[in-house]
Amino acid sequence: MVKIKNPRDLETLRVKIQRERKKIHSTIIMCGGTGCQASQSLAVIDAVKNQIDRQGLQKNVHVRATGCHGFCEQGPIMVIEPENLFYCHVSAKDAQEIVSKTLLKGEIIERFLYVDPVTGKKIRTEAEIPFYKNQDRQLLAYSKLVDPKSIDDYIATGGYEALAKTLMGIAPEDVIEEVRASGLRGRGGGGFPTGRKWFECWEAPGDEKYVICNADEGDPGAYMDRCLLEANPHLVIEGMMIGAWAVGARQGYIYVRHEYPLAVRHARYAIHQMREYGLLGDNILGSSFSFDIEVARGGGAFVCGESTALMASIEGKVGEPRPKDIHTVKEGLWDKPTVLNNVETWANVPSIMLKGSKWFASKGTKGSKGTKIFALTGQVKNTGLVEVAMGTTLNEIVFTIGGGSKTGKAVKAVQTGGPSGGCLPVGKFDLPVDFDALTKAGSMMGSGGMVVMDEGTCMVDVAKYFLTFLQDESCGKCVPCRLGVDRMLEIVTDITEGNGRPEHIGLLEELAETVREGSLCALGKTAPNPVLSTLHYFFDEYVAHVEKKRCPAGVCKSLISYTIDPEKCEGCGICIRACPHNAVKGEKEKTHIINLLECRKCGICIAECKFDAIMVG
Amino acid sequence: MSTTSLNVVLKGRRSQPHQLIEVLQDIQDLYGYIPADAMKTVAQELGVPLIEVYRVACFYKAFSLKPRGEHVITVCTGTACHVRGSTLLLDQIQGQLRIQPGHTTDDGLFTLECVNCVGACALGPIIAHNGMYEHHMTPGKLRKIIGDVYVTKKEESRHG
């Protein structure tokens, strides 16, 4: 194995890889991310490779299994370059046809083309698809170019050039100044200026310092960090190394959720490849910088996304937060100065060093610079990862890129910021998405989860959902969070069960204030947000539940009943078989009847009925 | 419980208390749960008090102190899956198998678990069947998955 001993070795290797790549005529790029793997993309990749071998095309055609392309709903996804042809929903049995027709004869197979759900037209190239066209993909652009298991792929795209440039001639103070000037703020949700954090750690006394990558992406509905780490672990590690050089750390940790096994594997493999090339260890690239890195798996506790709890977890302890009167940049991991940044924050660092802070700051709004990746999910047509410049409006994200409602029911709200964030109504969709505008509107940008909700979503139920989540995930150390969230959940549950009283709403607000003020860490401090934002924007729904004992969206079980519409029921028997509680009775081809005493209103019959005959009232 | 495999897990990690969570993760993968005896060995080998090992094993959701069923069905209850009906999936399993999340059926065939998010939100609702993701799940599909397991089991026992 060659060792990269200095920047010249790195350049020589890069030129060599690039020269070899030029001989390749076509590249088939297949997504092998978690989403597409769930759609059996690995079988497709094998089948395509098999066909290429069988037809003797190995020399001219390269198959690259990459990380997530972000358009998971269309998976398995295949892009053929240089034509930029985009095929979706391909399966292993289609491999032969694709290789013989498209690769050998240049024919386009119509049935694999993407159909724009808005216009109904078929689209040939990836670049023309509205979902991609309207994004500004800076970080996600790499995902297509790099096989996460190939350090050579990363080097070919200019990988570790920023590190070499930094180590060879930029002093730590100047690196920090460059990051500060770029205006980069923490992508994990806090939005703390990265340059300031680094500076505080740099000036903290002590020789032993640490850098940590927070990949404990616990917000339900967010998966940007998983994709980045899965698709391009070297980019994240390069960012961490530049940060380590700047603050004077020799050891780094990547803390990943154990629920992301592929991200764990790819990060570990990247570290292994770097060690082989000599890019980790002593005197990296011939400089005075020595650094090593380890992967630590989380144990499935949401609170470990909080910095002090995360550090406790790396130390092998229970993940409980501690008061932050002394910041972690002074006393963090093992009480040593520590910089903890989120995956996306680290991933932004190499391009800031390479292209300059001015380039980075040219995108975004006054207070929030650069681009941000969002996970657009829920009741929207195009679900997936969306990277746009900060300041893009919710309208553009949900309607232009997302294509609007998936179900035909009107879009009602978007939930941002996970359990710490809130729900913003359609009326607020002209808001520019950045750290400050969303916080001002009562939500927060958070790490980037965006769950679109339509008229079929009950907002009181959403508040209950988040409280249940937070009650489950509260570590229990401080009373306001442990008991406050519990009581809030009791009240909201009463409201959804038809036992709500008018005074409950004032009590909820009072409790929310106490939990916000009195909790130890950000989990508790932001826990009331989902309740407060739904109370603020969807007060009518609370009133309907409390006063009229009615759930307008038809979700809260105690306030609805199921009946079968005799006009629509064909007597097919599907609902009888589907009901797990044996509540539906009836004979074949005769109208079926729901026994209201047995019915648990689980909604399974609604999902299964082909004639739309189950009525909720 | 084989001591050899536990030795493999502990290799290079002895007397390093900060490796506790990593070690427990590997034990969980190895046995499907954390056996009491393994906790005692880990406490001794890493130099962590047994009560601390127990506390960590109880705190983190990744660890189960009870053996799990042959088929672990994990329902993702993340926000994106919730708005697309993951509660229907829970209702289906609870109705069909008569167990609550965190529990195993009496025959030891199924364990039902919930996870807050597996990060495949665009394909929701998602379940994992022994770690393999199944996307766009419906109560009907789930009913068939569970039913198929019982059919296979029956055939196996018939053929001895």
# chains A, B, ... in the order shown; residues from 1 in each chain; ligands from 1

call {"tool": "residues_around", "arguments": {"residues": "Phe538 in chain A", "least_positions_apart": "2", "cutoff": "10 Å", "atoms": "only C-alpha atoms", "output": "PDB file with C-alpha atoms, in the first residue's frame"}}
result
ATOM      1  CA  LYS A 412     -52.031  22.345   6.562  1.00  0.00           C
ATOM      2  CA  ALA A 413     -48.690  22.760   8.275  1.00  0.00           C
ATOM      3  CA  CYS A 423     -45.678  23.459  13.610  1.00  0.00           C
ATOM      4  CA  LEU A 424     -46.000  26.365  11.208  1.00  0.00           C
ATOM      5  CA  PRO A 425     -49.274  26.848   9.318  1.00  0.00           C
ATOM      6  CA  CYS A 458     -54.821  16.402  13.933  1.00  0.00           C
ATOM      7  CA  MET A 459     -52.593  19.045  15.476  1.00  0.00           C
ATOM      8  CA  VAL A 460     -53.598  18.187  19.049  1.00  0.00           C
ATOM      9  CA  LEU A 532     -47.128  26.139  22.335  1.00  0.00           C
ATOM     10  CA  SER A 533     -46.851  26.390  18.545  1.00  0.00           C
ATOM     11  CA  THR A 534     -49.948  24.264  17.931  1.00  0.00           C
ATOM     12  CA  LEU A 535     -51.849  26.233  20.586  1.00  0.00           C
ATOM     13  CA  HIS A 536     -50.797  29.442  18.880  1.00  0.00           C
ATOM     14  CA  ASP A 540     -59.456  26.279  16.814  1.00  0.00           C
ATOM     15  CA  GLU A 541     -58.586  22.603  16.854  1.00  0.00           C
ATOM     16  CA  TYR A 542     -58.034  22.652  20.622  1.00  0.00           C
ATOM     17  CA  VAL A 543     -61.366  24.473  21.054  1.00  0.00           C
TER      18      VAL A 543
END

call {"tool": "select_by_dssp", "arguments": {"residues": "range 237-433 of chain A", "states": "strand (DSSP E)", "output": "MDAnalysis selection string"}}
result
chainID A and resid 251:256 292:297 338:342 371:378 384:389 411:416 422:425

call {"tool": "interface_residues", "arguments": {"of": "chain B", "to": "chain A", "cutoff": "6 Å", "atoms": "only C-alpha atoms", "output": "list of chain:residue names"}}
result
B:His18, B:Gln19, B:Leu20, B:Ile21, B:Val56, B:Tyr60, B:Lys61, B:Ala62, B:Gly78, B:Thr79, B:Ala80, B:Leu88, B:Gly95, B:Gln96, B:Cys117, B:Val118, B:Gly119, B:Ala120, B:Cys121, B:Ala122, B:Leu123, B:Tyr133

call {"tool": "residues_around", "arguments": {"residues": "Leu65 in chain B", "least_positions_apart": "2", "cutoff": "10 Å", "atoms": "only C-alpha atoms", "output": "VMD selection string"}}
result
chain B and resid 28 32 to 36 39 54 57 to 58 63 67 to 68

call {"tool": "residues_around", "arguments": {"residues": "Ala361 in chain A", "least_positions_apart": "5", "cutoff": "10 Å", "atoms": "only C-alpha atoms", "output": "PyMOL selection string"}}
result
chain A and resi 181-184+352+356+366-371

call {"tool": "select_by_dssp", "arguments": {"residues": "chain B", "states": "alpha helix (DSSP H)", "output": "ChimeraX atom specification"}}
result
/B:3-10,20-31,36-46,50-59,79-83,86-97,139-158

call {"tool": "write_last_selection", "arguments": {"atoms": "C-alpha atoms", "output": "tab-separated table (two decimals), in the first residue's frame"}}
result
chain	number	residue	atom	x	y	z
B	3	THR	CA	-16.86	-17.60	27.02
B	4	THR	CA	-14.88	-17.72	23.77
B	5	SER	CA	-17.19	-15.31	21.96
B	6	LEU	CA	-17.28	-13.04	25.00
B	7	ASN	CA	-13.49	-13.06	24.93
B	8	VAL	CA	-13.56	-11.89	21.32
B	9	VAL	CA	-15.85	-9.00	22.29
B	10	LEU	CA	-13.58	-8.02	25.19
B	20	LEU	CA	-18.65	-0.22	28.25
B	21	ILE	CA	-21.32	0.84	25.76
B	22	GLU	CA	-19.42	-0.57	22.77
B	23	VAL	CA	-18.93	-3.89	24.59
B	24	LEU	CA	-22.61	-4.08	25.54
B	25	GLN	CA	-23.55	-3.30	21.91
B	26	ASP	CA	-21.51	-6.26	20.72
B	27	ILE	CA	-22.98	-8.54	23.40
B	28	GLN	CA	-26.46	-7.45	22.39
B	29	ASP	CA	-25.63	-8.31	18.75
B	30	LEU	CA	-24.14	-11.62	19.80
B	31	TYR	CA	-26.91	-12.98	22.02
B	36	ALA	CA	-26.81	-11.38	33.60
B	37	ASP	CA	-23.64	-13.49	33.60
B	38	ALA	CA	-22.20	-11.43	30.74
B	39	MET	CA	-22.78	-8.27	32.78
B	40	LYS	CA	-20.79	-9.75	35.67
B	41	THR	CA	-17.89	-10.67	33.37
B	42	VAL	CA	-17.94	-7.23	31.72
B	43	ALA	CA	-17.92	-5.52	35.12
B	44	GLN	CA	-14.84	-7.48	36.14
B	45	GLU	CA	-12.96	-7.19	32.88
B	46	LEU	CA	-13.54	-3.49	32.23
B	50	LEU	CA	-21.63	-4.15	38.34
B	51	ILE	CA	-24.32	-1.67	39.36
B	52	GLU	CA	-22.97	0.80	36.80
B	53	VAL	CA	-23.01	-1.86	34.07
B	54	TYR	CA	-26.62	-2.65	35.01
B	55	ARG	CA	-27.53	1.04	35.07
B	56	VAL	CA	-26.07	1.62	31.61
B	57	ALA	CA	-27.75	-1.52	30.26
B	58	CYS	CA	-31.10	-0.27	31.62
B	59	PHE	CA	-30.68	3.33	30.48
B	79	THR	CA	-42.82	11.76	13.07
B	80	ALA	CA	-42.79	11.05	9.35
B	81	CYS	CA	-43.97	7.48	9.89
B	82	HIS	CA	-46.51	8.68	12.47
B	83	VAL	CA	-48.26	11.03	10.04
B	86	SER	CA	-47.47	3.92	11.94
B	87	THR	CA	-50.00	3.67	14.78
B	88	LEU	CA	-52.11	1.47	12.49
B	89	LEU	CA	-49.17	-0.89	12.22
B	90	LEU	CA	-48.81	-1.03	15.99
B	91	ASP	CA	-52.54	-1.72	16.33
B	92	GLN	CA	-52.26	-4.50	13.77
B	93	ILE	CA	-49.43	-6.27	15.60
B	94	GLN	CA	-50.89	-5.73	19.04
B	95	GLY	CA	-54.23	-7.08	17.81
B	96	GLN	CA	-52.74	-10.04	15.95
B	97	LEU	CA	-50.10	-11.12	18.47
B	139	PRO	CA	-51.52	-3.30	8.10
B	140	GLY	CA	-52.37	-5.80	5.35
B	141	LYS	CA	-48.73	-6.42	4.37
B	142	LEU	CA	-47.77	-6.71	8.02
B	143	ARG	CA	-50.51	-9.22	8.68
B	144	LYS	CA	-49.13	-11.32	5.85
B	145	ILE	CA	-45.53	-11.11	7.13
B	146	ILE	CA	-46.63	-12.35	10.55
B	147	GLY	CA	-48.96	-14.97	9.04
B	148	ASP	CA	-46.18	-16.29	6.79
B	149	VAL	CA	-43.91	-16.84	9.78
B	150	TYR	CA	-46.56	-19.03	11.41
B	151	VAL	CA	-47.16	-20.95	8.17
B	152	THR	CA	-43.41	-21.65	7.76
B	153	LYS	CA	-43.16	-22.67	11.39
B	154	LYS	CA	-46.04	-25.09	11.04
B	155	GLU	CA	-44.53	-26.66	7.92
B	156	GLU	CA	-41.17	-27.00	9.62
B	157	SER	CA	-42.66	-28.81	12.59
B	158	ARG	CA	-44.66	-31.08	10.26

call {"tool": "atom_distance", "arguments": {"atom1": "CA of Val72 in chain B", "atom2": "CA of Ile254 in chain A"}}
result
28.2 Å

call {"tool": "atom_distance", "arguments": {"atom1": "CA of Asn6 in chain A", "atom2": "CA of Gly278 in chain A"}}
result
9.8 Å

call {"tool": "atom_distance", "arguments": {"atom1": "CA of Ile4 in chain A", "atom2": "CA of Gly239 in chain A"}}
result
18.5 Å
